[in-house]
Amino acid sequence: MNNSPKQTKKTPWKCGKCGGELQLGTIRASYLGNEFEVEELKCLNCGYVLITEELALGKMFEVEQSLEDK
Amino acid sequence: MLMEQDELKREEDKCIQEYPPACTAGCPIHVDARKLMLDIQKQDLKSALATLQKKQPFPGIIGRICDHPCEDVCIRKDVGTTIAISALERFCVQNQTATSKKMKVPPKSQTVAVVGSGLRGLTAAYDLAKKGYKVSLFEKADCLGGNLWDFPEHQLPPEVIVEELSVLNRLSIQIQLNTKITRESLAKLREEFDVVYLGLAERSNDVMELLVEQSWVDQVTCVTQIPGLFSGSIVSNNSPIKSVADGRKAAVSIDRYLQGVSLTGSREAEEPYETKLYVNTKGIPPLAAVQMKDEIGGYTPEEAVQEAGRCLNCQCLECVKACIYMQEYGSYPKKYLRQIYNNDSIVMGLRQGNKMINSCSLCGQCAAICPQGLDLGKTCKATRESMVSKGKMPPSAHDFALRDMAFNNSEEFALTRHQPGYNHSKYVFFPGCQLSASSPEQVEKVYAYLSEKLSGGVALMLRCCGAPADWAGDQELFQNSLQVMVEQWESLGKPQLIVACSTCHSMFRDKFPELVSLWELMADLELPDRGSNVSGGKVAVQDACTTRHEPIIQDAVRHILTKLGYEVEELPYSKERTKCCGFGGLTSFANPELAGQIVEERISESTTDYVAYCAMCRDNFAAKGKRTFHLLDLIFGTNLEEAAIRPRVGFSYRHENRAKLKRKLLHSLWKEAPQEKEGAYRTINLLLNERILEIMEERRILIEDIQQVIESAERTGQKFINPDNSHSLAHFRPFKVTFWVEYQPQEQGYMVLNVYSHRMEILEDGHE
């Protein structure tokens, strides 16, 4: 995920809580004891992070699989 | 560590695929005739000649005169006539000239005198010179070759002999023609050279003359009673290829002698032997040898390709032919065992064999088919246990199946009761979790039937047998589950256990005395009245892989089918050799694509309707469009047309069916008011179309997972909104998986538009 291209595409999603726009921000992710920082869309007010289907089933899945085989 | 090296070696040795074909084993110098045939088929004569050259010292000569003992053992003779290997060798050497390679061997100081330049002497001189020894060749005649000159010219033209033997010059062998070795000159040779080899037939006049009473020669090593003197160990010169082998044997001994190592160690495979390679010729159409139009000229290129094409390319691969899993990884058990061992031994780095290890159905078919009984599944299972114990089992492989097991052993489904009106039980019916999920109504019918037919009380026990834990390599979980099961059974007074599912049967076999399969029992009882739904006709039986070693169950099923008026068709792989449906060993969870291929292949074996006695076999086949009955469909005879095409019940509804079955039985039989399900999310009404249901199935996402996401999002407001279409997108992480749901609130409930999940956890404060 560290190498994933920054998501510059405009997202149609807005924060359901504050109505704010989502922006790229640094988030921390963890799997099987491995932690890393990545840039993903999130609501900067509420901290709520969007994981898209493309990310979940693509890059994220690949990273999960390779960490599982480590 | 899972396996010790020697255990790995023992298992590897069971796999005979790497043993040479019969032709190679039977050849005195072990020419790879199987490869030669492939080379000719590919019309690659350069490679063909290289194949010959690998073992033959003078292919141009031997290819023309070999007496081909390989042909006597060629397996093709069982289905047609033996391959004309000799004629094909001749074809090669007639049509391709050898390219002489510059041989770079560090020269050695030791010297060898070779007496006699027949095939023995020539071969020994060639082999030893190639190893760098200083070789001198002594011939009493005025030219090299001895008996080679006796062959008819059309078979072995003189210029071929001269050309082929010119290699000796390139190897810097000192050639002394017109030099007859006498007893006196032999003594001199022995002084001058480190080793002397008499390249002469054993007990030939020449040898007798030279050695007199010291003419004994060791058959294995060619040593004589005189130190440093070696001699031919085969009587006569009738077989050119045996003479070559004799010379080579001496060269091996001389090399070892000069290097000071054992002359006798590991020489078993030098002589011709019978190979262990098993070759199944069943079903191979017989074919006779291709006739030459011109006997003198030999095979034409077209004829040669055709004749080489008859080669069976002898392989064992019996297990691989039978098993899609074995085929998937492109090799065979000997290689797989090594890969599995290496995978388990890795300390750092990627374990690339995890998926392979978790993809095996553990069904035991390979062991039943293998001539040596090699069971790859046994190793896969032991390795999974090792992975679990080391904390190296990929969580995504079996997580879903183990959660399913947990559900089945929870209050949602688990139930143990004496028959209504009884406080003791002679029997207990254990339908299993999958039949209860696929056809809960049949569980009810069977229980009613057993309660009616058997006296002494028939208890009912609903739960999971623990197979998912056993298959996933989690022995602790499996044993704990089994322990609870035993306690429940003891609380019923240890009644006789009747199981409908063969997997349950296989899990319980060693634990419960008098365990009986429902089919075994029903075969002896009067079958239920099927009313007017009597069909008859032919059905092909899918034996559950977990009955592989249960002929009693297999026979009982056939007996029931016959009693019902059906004609039984046996699939190509049945009974002890049956195939798994892809559910066994949790293949369908660890490798769904492979499980799909396994099903596709199995259902293509016959166009007849199948009948299965395992709910998973039935559902998996039906899901791919194969008309498949469950045996209970035929026994109870309800709506057979519908039964054959009834779709597979998806994961969400499997949970629901089990839970409903329990509540229904509690209510109708035991007059108990079932407990209400807990959790506010359960009241969330979902609108699910076919497309979404398919996505849920493929991504293993359940209705209750979606309900929890929406309940949480609507309660907390933590979600995303798309103002353009007013869709909501939210997530929830009830355990080690985060579920995302895109949905739209509607009047009747929530329209689900998309679902996906990930296992990685987002650690942002506001997020989880």
# chains A, B, ... in the order shown; residues from 1 in each chain; ligands from 1
$ select_by_dssp --residues "range 421-601 of chain B" --states "alpha helix (DSSP H)" --output "JSON, numbers by chain"
{"B": [433, 434, 435, 436, 437, 438, 440, 441, 442, 443, 444, 445, 446, 447, 448, 449, 450, 451, 452, 453, 467, 468, 469, 470, 471, 472, 475, 476, 477, 478, 479, 480, 481, 482, 483, 484, 485, 486, 487, 488, 489, 490, 491, 502, 503, 504, 505, 506, 507, 508, 518, 519, 520, 521, 522, 523, 524, 551, 552, 553, 554, 555, 556, 557, 558, 559, 560, 561, 562, 563, 587, 588, 589, 590, 592, 593, 594, 595, 596, 597, 598, 599, 600, 601]}
$ write_last_selection --atoms "C-alpha atoms" --output "PDB file, in the first residue's frame"
ATOM      1  CA  CYS B 433     -24.853 -29.144  10.106  1.00  0.00           C
ATOM      2  CA  GLN B 434     -24.781 -29.253   6.314  1.00  0.00           C
ATOM      3  CA  LEU B 435     -27.858 -31.405   5.738  1.00  0.00           C
ATOM      4  CA  SER B 436     -29.638 -29.211   8.295  1.00  0.00           C
ATOM      5  CA  ALA B 437     -28.621 -26.177   6.249  1.00  0.00           C
ATOM      6  CA  SER B 438     -29.321 -27.596   2.792  1.00  0.00           C
ATOM      7  CA  PRO B 440     -33.854 -28.906   7.026  1.00  0.00           C
ATOM      8  CA  GLU B 441     -37.170 -30.480   6.027  1.00  0.00           C
ATOM      9  CA  GLN B 442     -35.406 -33.754   5.336  1.00  0.00           C
ATOM     10  CA  VAL B 443     -33.871 -33.729   8.775  1.00  0.00           C
ATOM     11  CA  GLU B 444     -37.385 -33.481  10.168  1.00  0.00           C
ATOM     12  CA  LYS B 445     -38.565 -36.339   7.966  1.00  0.00           C
ATOM     13  CA  VAL B 446     -35.666 -38.605   8.864  1.00  0.00           C
ATOM     14  CA  TYR B 447     -36.099 -37.907  12.556  1.00  0.00           C
ATOM     15  CA  ALA B 448     -39.803 -38.710  12.357  1.00  0.00           C
ATOM     16  CA  TYR B 449     -39.021 -41.861  10.398  1.00  0.00           C
ATOM     17  CA  LEU B 450     -36.378 -43.066  12.853  1.00  0.00           C
ATOM     18  CA  SER B 451     -38.598 -42.253  15.824  1.00  0.00           C
ATOM     19  CA  GLU B 452     -41.299 -44.380  14.281  1.00  0.00           C
ATOM     20  CA  LYS B 453     -39.140 -47.323  13.118  1.00  0.00           C
ATOM     21  CA  ALA B 467     -14.500 -31.358  10.732  1.00  0.00           C
ATOM     22  CA  PRO B 468     -13.718 -27.712   9.824  1.00  0.00           C
ATOM     23  CA  ALA B 469     -11.320 -27.479  12.772  1.00  0.00           C
ATOM     24  CA  ASP B 470      -9.724 -30.816  11.946  1.00  0.00           C
ATOM     25  CA  TRP B 471      -9.272 -29.855   8.296  1.00  0.00           C
ATOM     26  CA  ALA B 472      -7.996 -26.393   9.191  1.00  0.00           C
ATOM     27  CA  GLN B 475      -6.427 -29.802  16.630  1.00  0.00           C
ATOM     28  CA  GLU B 476      -7.083 -28.020  19.890  1.00  0.00           C
ATOM     29  CA  LEU B 477     -10.366 -26.650  18.619  1.00  0.00           C
ATOM     30  CA  PHE B 478     -11.263 -30.018  17.111  1.00  0.00           C
ATOM     31  CA  GLN B 479     -10.567 -31.936  20.310  1.00  0.00           C
ATOM     32  CA  ASN B 480     -12.475 -29.398  22.395  1.00  0.00           C
ATOM     33  CA  SER B 481     -15.449 -29.672  20.082  1.00  0.00           C
ATOM     34  CA  LEU B 482     -15.295 -33.445  20.221  1.00  0.00           C
ATOM     35  CA  GLN B 483     -15.101 -33.323  24.008  1.00  0.00           C
ATOM     36  CA  VAL B 484     -18.315 -31.304  24.241  1.00  0.00           C
ATOM     37  CA  MET B 485     -19.912 -33.737  21.850  1.00  0.00           C
ATOM     38  CA  VAL B 486     -18.852 -36.687  24.033  1.00  0.00           C
ATOM     39  CA  GLU B 487     -20.230 -34.997  27.143  1.00  0.00           C
ATOM     40  CA  GLN B 488     -23.573 -34.419  25.441  1.00  0.00           C
ATOM     41  CA  TRP B 489     -23.661 -37.993  24.251  1.00  0.00           C
ATOM     42  CA  GLU B 490     -22.865 -39.262  27.745  1.00  0.00           C
ATOM     43  CA  SER B 491     -25.632 -37.102  29.166  1.00  0.00           C
ATOM     44  CA  SER B 502     -20.179 -39.232   6.006  1.00  0.00           C
ATOM     45  CA  THR B 503     -17.839 -36.491   7.152  1.00  0.00           C
ATOM     46  CA  CYS B 504     -19.346 -36.687  10.643  1.00  0.00           C
ATOM     47  CA  HIS B 505     -18.940 -40.454  10.355  1.00  0.00           C
ATOM     48  CA  SER B 506     -15.256 -40.071   9.545  1.00  0.00           C
ATOM     49  CA  MET B 507     -14.738 -37.661  12.449  1.00  0.00           C
ATOM     50  CA  PHE B 508     -16.524 -39.914  14.957  1.00  0.00           C
ATOM     51  CA  LEU B 518     -28.062 -43.661   8.412  1.00  0.00           C
ATOM     52  CA  TRP B 519     -27.729 -45.452   5.064  1.00  0.00           C
ATOM     53  CA  GLU B 520     -26.505 -48.639   6.658  1.00  0.00           C
ATOM     54  CA  LEU B 521     -29.463 -48.538   8.988  1.00  0.00           C
ATOM     55  CA  MET B 522     -32.042 -47.665   6.335  1.00  0.00           C
ATOM     56  CA  ALA B 523     -30.790 -50.393   4.005  1.00  0.00           C
ATOM     57  CA  ASP B 524     -32.055 -52.891   6.567  1.00  0.00           C
ATOM     58  CA  PRO B 551     -17.469 -50.178   1.746  1.00  0.00           C
ATOM     59  CA  ILE B 552     -20.381 -50.988   4.062  1.00  0.00           C
ATOM     60  CA  ILE B 553     -21.816 -47.485   3.603  1.00  0.00           C
ATOM     61  CA  GLN B 554     -21.169 -47.527  -0.156  1.00  0.00           C
ATOM     62  CA  ASP B 555     -22.911 -50.868  -0.502  1.00  0.00           C
ATOM     63  CA  ALA B 556     -25.806 -49.760   1.695  1.00  0.00           C
ATOM     64  CA  VAL B 557     -26.402 -46.754  -0.581  1.00  0.00           C
ATOM     65  CA  ARG B 558     -26.477 -48.991  -3.647  1.00  0.00           C
ATOM     66  CA  HIS B 559     -28.744 -51.419  -1.859  1.00  0.00           C
ATOM     67  CA  ILE B 560     -31.196 -48.625  -1.043  1.00  0.00           C
ATOM     68  CA  LEU B 561     -31.117 -47.379  -4.642  1.00  0.00           C
ATOM     69  CA  THR B 562     -31.811 -50.876  -5.936  1.00  0.00           C
ATOM     70  CA  LYS B 563     -34.664 -51.271  -3.459  1.00  0.00           C
ATOM     71  CA  THR B 587     -10.671 -26.417  -0.398  1.00  0.00           C
ATOM     72  CA  SER B 588     -13.660 -24.289  -1.336  1.00  0.00           C
ATOM     73  CA  PHE B 589     -12.696 -21.761   1.346  1.00  0.00           C
ATOM     74  CA  ALA B 590      -8.943 -21.665   0.795  1.00  0.00           C
ATOM     75  CA  PRO B 592     -12.633 -21.307  -4.373  1.00  0.00           C
ATOM     76  CA  GLU B 593     -11.443 -21.207  -8.012  1.00  0.00           C
ATOM     77  CA  LEU B 594      -9.864 -24.629  -7.712  1.00  0.00           C
ATOM     78  CA  ALA B 595     -12.921 -26.024  -5.938  1.00  0.00           C
ATOM     79  CA  GLY B 596     -14.974 -24.797  -8.894  1.00  0.00           C
ATOM     80  CA  GLN B 597     -12.744 -26.653 -11.328  1.00  0.00           C
ATOM     81  CA  ILE B 598     -12.948 -29.804  -9.221  1.00  0.00           C
ATOM     82  CA  VAL B 599     -16.738 -29.719  -9.428  1.00  0.00           C
ATOM     83  CA  GLU B 600     -16.763 -28.968 -13.173  1.00  0.00           C
ATOM     84  CA  GLU B 601     -14.535 -31.934 -13.837  1.00  0.00           C
TER      85      GLU B 601
END
$ residues_around --residues "Gln65 in chain A" --least-positions-apart "3" --cutoff "10 Å" --atoms "only C-alpha atoms" --output "PyMOL selection string"
(chain A and resi 59-62+68-70) or (chain B and resi 394-397+759)
$ residues_around --residues "Val49 in chain A" --least-positions-apart "4" --cutoff "12 Å" --atoms "only C-alpha atoms" --output "ChimeraX atom specification"
/A:13-16,21-29,38-45 /B:718-720,729-731,740,761-768
$ select_by_dssp --residues "range 322-474 of chain B" --states "strand (DSSP E or B)" --output "list in words"
Leu415, Thr416, Arg417, Tyr427, Val428, Phe429, Phe430, Val458, Ala459, Leu460, Met461 and Leu462 of chain B
$ write_last_selection --atoms "C-alpha atoms" --output "CSV table (one decimal), in the first residue's frame"
chain,number,residue,atom,x,y,z
B,415,LEU,CA,-29.4,-29.0,20.6
B,416,THR,CA,-29.4,-32.2,22.5
B,417,ARG,CA,-32.7,-33.8,23.5
B,427,TYR,CA,-30.2,-44.2,19.7
B,428,VAL,CA,-29.3,-40.6,18.9
B,429,PHE,CA,-29.7,-39.1,15.4
B,430,PHE,CA,-27.0,-36.7,14.4
B,458,VAL,CA,-34.2,-41.8,19.5
B,459,ALA,CA,-32.6,-38.7,20.8
B,460,LEU,CA,-31.7,-35.8,18.5
B,461,MET,CA,-28.4,-34.0,18.5
B,462,LEU,CA,-27.8,-30.9,16.4
$ closest_residue --among "A:Ser30, A:Phe36, A:Glu54, A:Gly20" --to "chain B" --atoms "only C-alpha atoms"
A:Ser30
$ decode --residues "range 479-525 of chain B" --atoms "N, CA and C atoms" --output "JSON list (two decimals), in the first residue's frame"
[["chain", "number", "residue", "atom", "x", "y", "z"],
["B", 479, "GLN", "N", -10.45, -31.07, 19.13],
["B", 479, "GLN", "CA", -10.57, -31.94, 20.31],
["B", 479, "GLN", "C", -11.54, -31.36, 21.33],
["B", 480, "ASN", "N", -11.52, -30.03, 21.47],
["B", 480, "ASN", "CA", -12.47, -29.40, 22.39],
["B", 480, "ASN", "C", -13.91, -29.63, 21.94],
["B", 481, "SER", "N", -14.10, -29.49, 20.64],
["B", 481, "SER", "CA", -15.45, -29.67, 20.08],
["B", 481, "SER", "C", -15.90, -31.12, 20.30],
["B", 482, "LEU", "N", -14.98, -32.03, 20.07],
["B", 482, "LEU", "CA", -15.29, -33.44, 20.22],
["B", 482, "LEU", "C", -15.61, -33.77, 21.69],
["B", 483, "GLN", "N", -14.90, -33.09, 22.58],
["B", 483, "GLN", "CA", -15.10, -33.32, 24.01],
["B", 483, "GLN", "C", -16.52, -32.93, 24.44],
["B", 484, "VAL", "N", -16.96, -31.76, 23.93],
["B", 484, "VAL", "CA", -18.32, -31.30, 24.24],
["B", 484, "VAL", "C", -19.32, -32.31, 23.70],
["B", 485, "MET", "N", -19.06, -32.75, 22.51],
["B", 485, "MET", "CA", -19.91, -33.74, 21.85],
["B", 485, "MET", "C", -20.01, -35.01, 22.71],
["B", 486, "VAL", "N", -18.87, -35.48, 23.20],
["B", 486, "VAL", "CA", -18.85, -36.69, 24.03],
["B", 486, "VAL", "C", -19.66, -36.46, 25.31],
["B", 487, "GLU", "N", -19.49, -35.29, 25.91],
["B", 487, "GLU", "CA", -20.23, -35.00, 27.14],
["B", 487, "GLU", "C", -21.74, -35.03, 26.90],
["B", 488, "GLN", "N", -22.15, -34.44, 25.78],
["B", 488, "GLN", "CA", -23.57, -34.42, 25.44],
["B", 488, "GLN", "C", -24.10, -35.84, 25.24],
["B", 489, "TRP", "N", -23.29, -36.61, 24.56],
["B", 489, "TRP", "CA", -23.66, -37.99, 24.25],
["B", 489, "TRP", "C", -23.77, -38.81, 25.55],
["B", 490, "GLU", "N", -22.82, -38.56, 26.46],
["B", 490, "GLU", "CA", -22.86, -39.26, 27.74],
["B", 490, "GLU", "C", -24.09, -38.85, 28.55],
["B", 491, "SER", "N", -24.46, -37.57, 28.42],
["B", 491, "SER", "CA", -25.63, -37.10, 29.17],
["B", 491, "SER", "C", -26.91, -37.79, 28.69],
["B", 492, "LEU", "N", -26.85, -38.31, 27.45],
["B", 492, "LEU", "CA", -28.01, -39.04, 26.91],
["B", 492, "LEU", "C", -27.95, -40.52, 27.29],
["B", 493, "GLY", "N", -26.90, -40.93, 27.97],
["B", 493, "GLY", "CA", -26.74, -42.33, 28.34],
["B", 493, "GLY", "C", -26.02, -43.16, 27.30],
["B", 494, "LYS", "N", -25.14, -42.52, 26.52],
["B", 494, "LYS", "CA", -24.32, -43.18, 25.51],
["B", 494, "LYS", "C", -25.12, -44.03, 24.52],
["B", 495, "PRO", "N", -26.12, -43.43, 23.91],
["B", 495, "PRO", "CA", -26.91, -44.18, 22.92],
["B", 495, "PRO", "C", -26.12, -44.43, 21.64],
["B", 496, "GLN", "N", -26.63, -45.34, 20.81],
["B", 496, "GLN", "CA", -25.96, -45.60, 19.53],
["B", 496, "GLN", "C", -26.13, -44.40, 18.61],
["B", 497, "LEU", "N", -25.00, -43.95, 18.05],
["B", 497, "LEU", "CA", -24.99, -42.74, 17.24],
["B", 497, "LEU", "C", -25.32, -43.07, 15.79],
["B", 498, "ILE", "N", -26.36, -42.40, 15.27],
["B", 498, "ILE", "CA", -26.73, -42.58, 13.86],
["B", 498, "ILE", "C", -26.39, -41.29, 13.12],
["B", 499, "VAL", "N", -25.47, -41.36, 12.14],
["B", 499, "VAL", "CA", -25.08, -40.14, 11.43],
["B", 499, "VAL", "C", -25.55, -40.19, 9.98],
["B", 500, "ALA", "N", -26.00, -39.03, 9.49],
["B", 500, "ALA", "CA", -26.44, -38.94, 8.09],
["B", 500, "ALA", "C", -25.28, -38.49, 7.19],
["B", 501, "CYS", "N", -24.31, -37.83, 7.80],
["B", 501, "CYS", "CA", -23.24, -37.23, 7.00],
["B", 501, "CYS", "C", -21.97, -38.08, 7.10],
["B", 502, "SER", "N", -21.36, -38.36, 5.98],
["B", 502, "SER", "CA", -20.18, -39.23, 6.01],
["B", 502, "SER", "C", -18.96, -38.53, 6.59],
["B", 503, "THR", "N", -18.95, -37.21, 6.52],
["B", 503, "THR", "CA", -17.84, -36.49, 7.15],
["B", 503, "THR", "C", -17.94, -36.65, 8.67],
["B", 504, "CYS", "N", -19.15, -36.46, 9.20],
["B", 504, "CYS", "CA", -19.35, -36.69, 10.64],
["B", 504, "CYS", "C", -18.90, -38.11, 10.98],
["B", 505, "HIS", "N", -19.30, -39.05, 10.13],
["B", 505, "HIS", "CA", -18.94, -40.45, 10.36],
["B", 505, "HIS", "C", -17.43, -40.60, 10.47],
["B", 506, "SER", "N", -16.72, -39.93, 9.54],
["B", 506, "SER", "CA", -15.26, -40.07, 9.54],
["B", 506, "SER", "C", -14.63, -39.40, 10.77],
["B", 507, "MET", "N", -15.27, -38.35, 11.27],
["B", 507, "MET", "CA", -14.74, -37.66, 12.45],
["B", 507, "MET", "C", -15.00, -38.46, 13.73],
["B", 508, "PHE", "N", -16.10, -39.22, 13.74],
["B", 508, "PHE", "CA", -16.52, -39.91, 14.96],
["B", 508, "PHE", "C", -16.05, -41.37, 15.04],
["B", 509, "ARG", "N", -15.57, -41.86, 13.90],
["B", 509, "ARG", "CA", -15.30, -43.30, 13.76],
["B", 509, "ARG", "C", -14.53, -43.89, 14.95],
["B", 510, "ASP", "N", -13.49, -43.17, 15.36],
["B", 510, "ASP", "CA", -12.65, -43.74, 16.40],
["B", 510, "ASP", "C", -13.14, -43.42, 17.81],
["B", 511, "LYS", "N", -14.12, -42.57, 17.90],
["B", 511, "LYS", "CA", -14.51, -42.05, 19.21],
["B", 511, "LYS", "C", -15.77, -42.72, 19.76],
["B", 512, "PHE", "N", -16.66, -43.12, 18.87],
["B", 512, "PHE", "CA", -17.95, -43.62, 19.33],
["B", 512, "PHE", "C", -18.17, -45.08, 18.90],
["B", 513, "PRO", "N", -18.30, -45.97, 19.87],
["B", 513, "PRO", "CA", -18.54, -47.37, 19.53],
["B", 513, "PRO", "C", -19.93, -47.51, 18.90],
["B", 514, "GLU", "N", -20.09, -48.47, 18.08],
["B", 514, "GLU", "CA", -21.39, -48.78, 17.46],
["B", 514, "GLU", "C", -21.90, -47.66, 16.57],
["B", 515, "LEU", "N", -21.02, -46.75, 16.18],
["B", 515, "LEU", "CA", -21.43, -45.68, 15.26],
["B", 515, "LEU", "C", -22.02, -46.32, 14.00],
["B", 516, "VAL", "N", -23.15, -45.78, 13.55],
["B", 516, "VAL", "CA", -23.75, -46.37, 12.36],
["B", 516, "VAL", "C", -24.20, -45.26, 11.41],
["B", 517, "SER", "N", -24.02, -45.53, 10.13],
["B", 517, "SER", "CA", -24.46, -44.56, 9.14],
["B", 517, "SER", "C", -25.96, -44.72, 8.91],
["B", 518, "LEU", "N", -26.62, -43.62, 8.67],
["B", 518, "LEU", "CA", -28.06, -43.66, 8.41],
["B", 518, "LEU", "C", -28.36, -44.61, 7.26],
["B", 519, "TRP", "N", -27.47, -44.64, 6.27],
["B", 519, "TRP", "CA", -27.73, -45.45, 5.06],
["B", 519, "TRP", "C", -27.63, -46.94, 5.37],
["B", 520, "GLU", "N", -26.67, -47.26, 6.23],
["B", 520, "GLU", "CA", -26.50, -48.64, 6.66],
["B", 520, "GLU", "C", -27.77, -49.10, 7.38],
["B", 521, "LEU", "N", -28.27, -48.22, 8.20],
["B", 521, "LEU", "CA", -29.46, -48.54, 8.99],
["B", 521, "LEU", "C", -30.68, -48.66, 8.09],
["B", 522, "MET", "N", -30.84, -47.69, 7.19],
["B", 522, "MET", "CA", -32.04, -47.66, 6.34],
["B", 522, "MET", "C", -32.05, -48.82, 5.34],
["B", 523, "ALA", "N", -30.86, -49.28, 4.96],
["B", 523, "ALA", "CA", -30.79, -50.39, 4.01],
["B", 523, "ALA", "C", -31.47, -51.63, 4.59],
["B", 524, "ASP", "N", -31.47, -51.72, 5.91],
["B", 524, "ASP", "CA", -32.05, -52.89, 6.57],
["B", 524, "ASP", "C", -33.49, -52.65, 7.04],
["B", 525, "LEU", "N", -33.92, -51.39, 7.03],
["B", 525, "LEU", "CA", -35.28, -51.09, 7.50],
["B", 525, "LEU", "C", -36.24, -50.98, 6.32]]
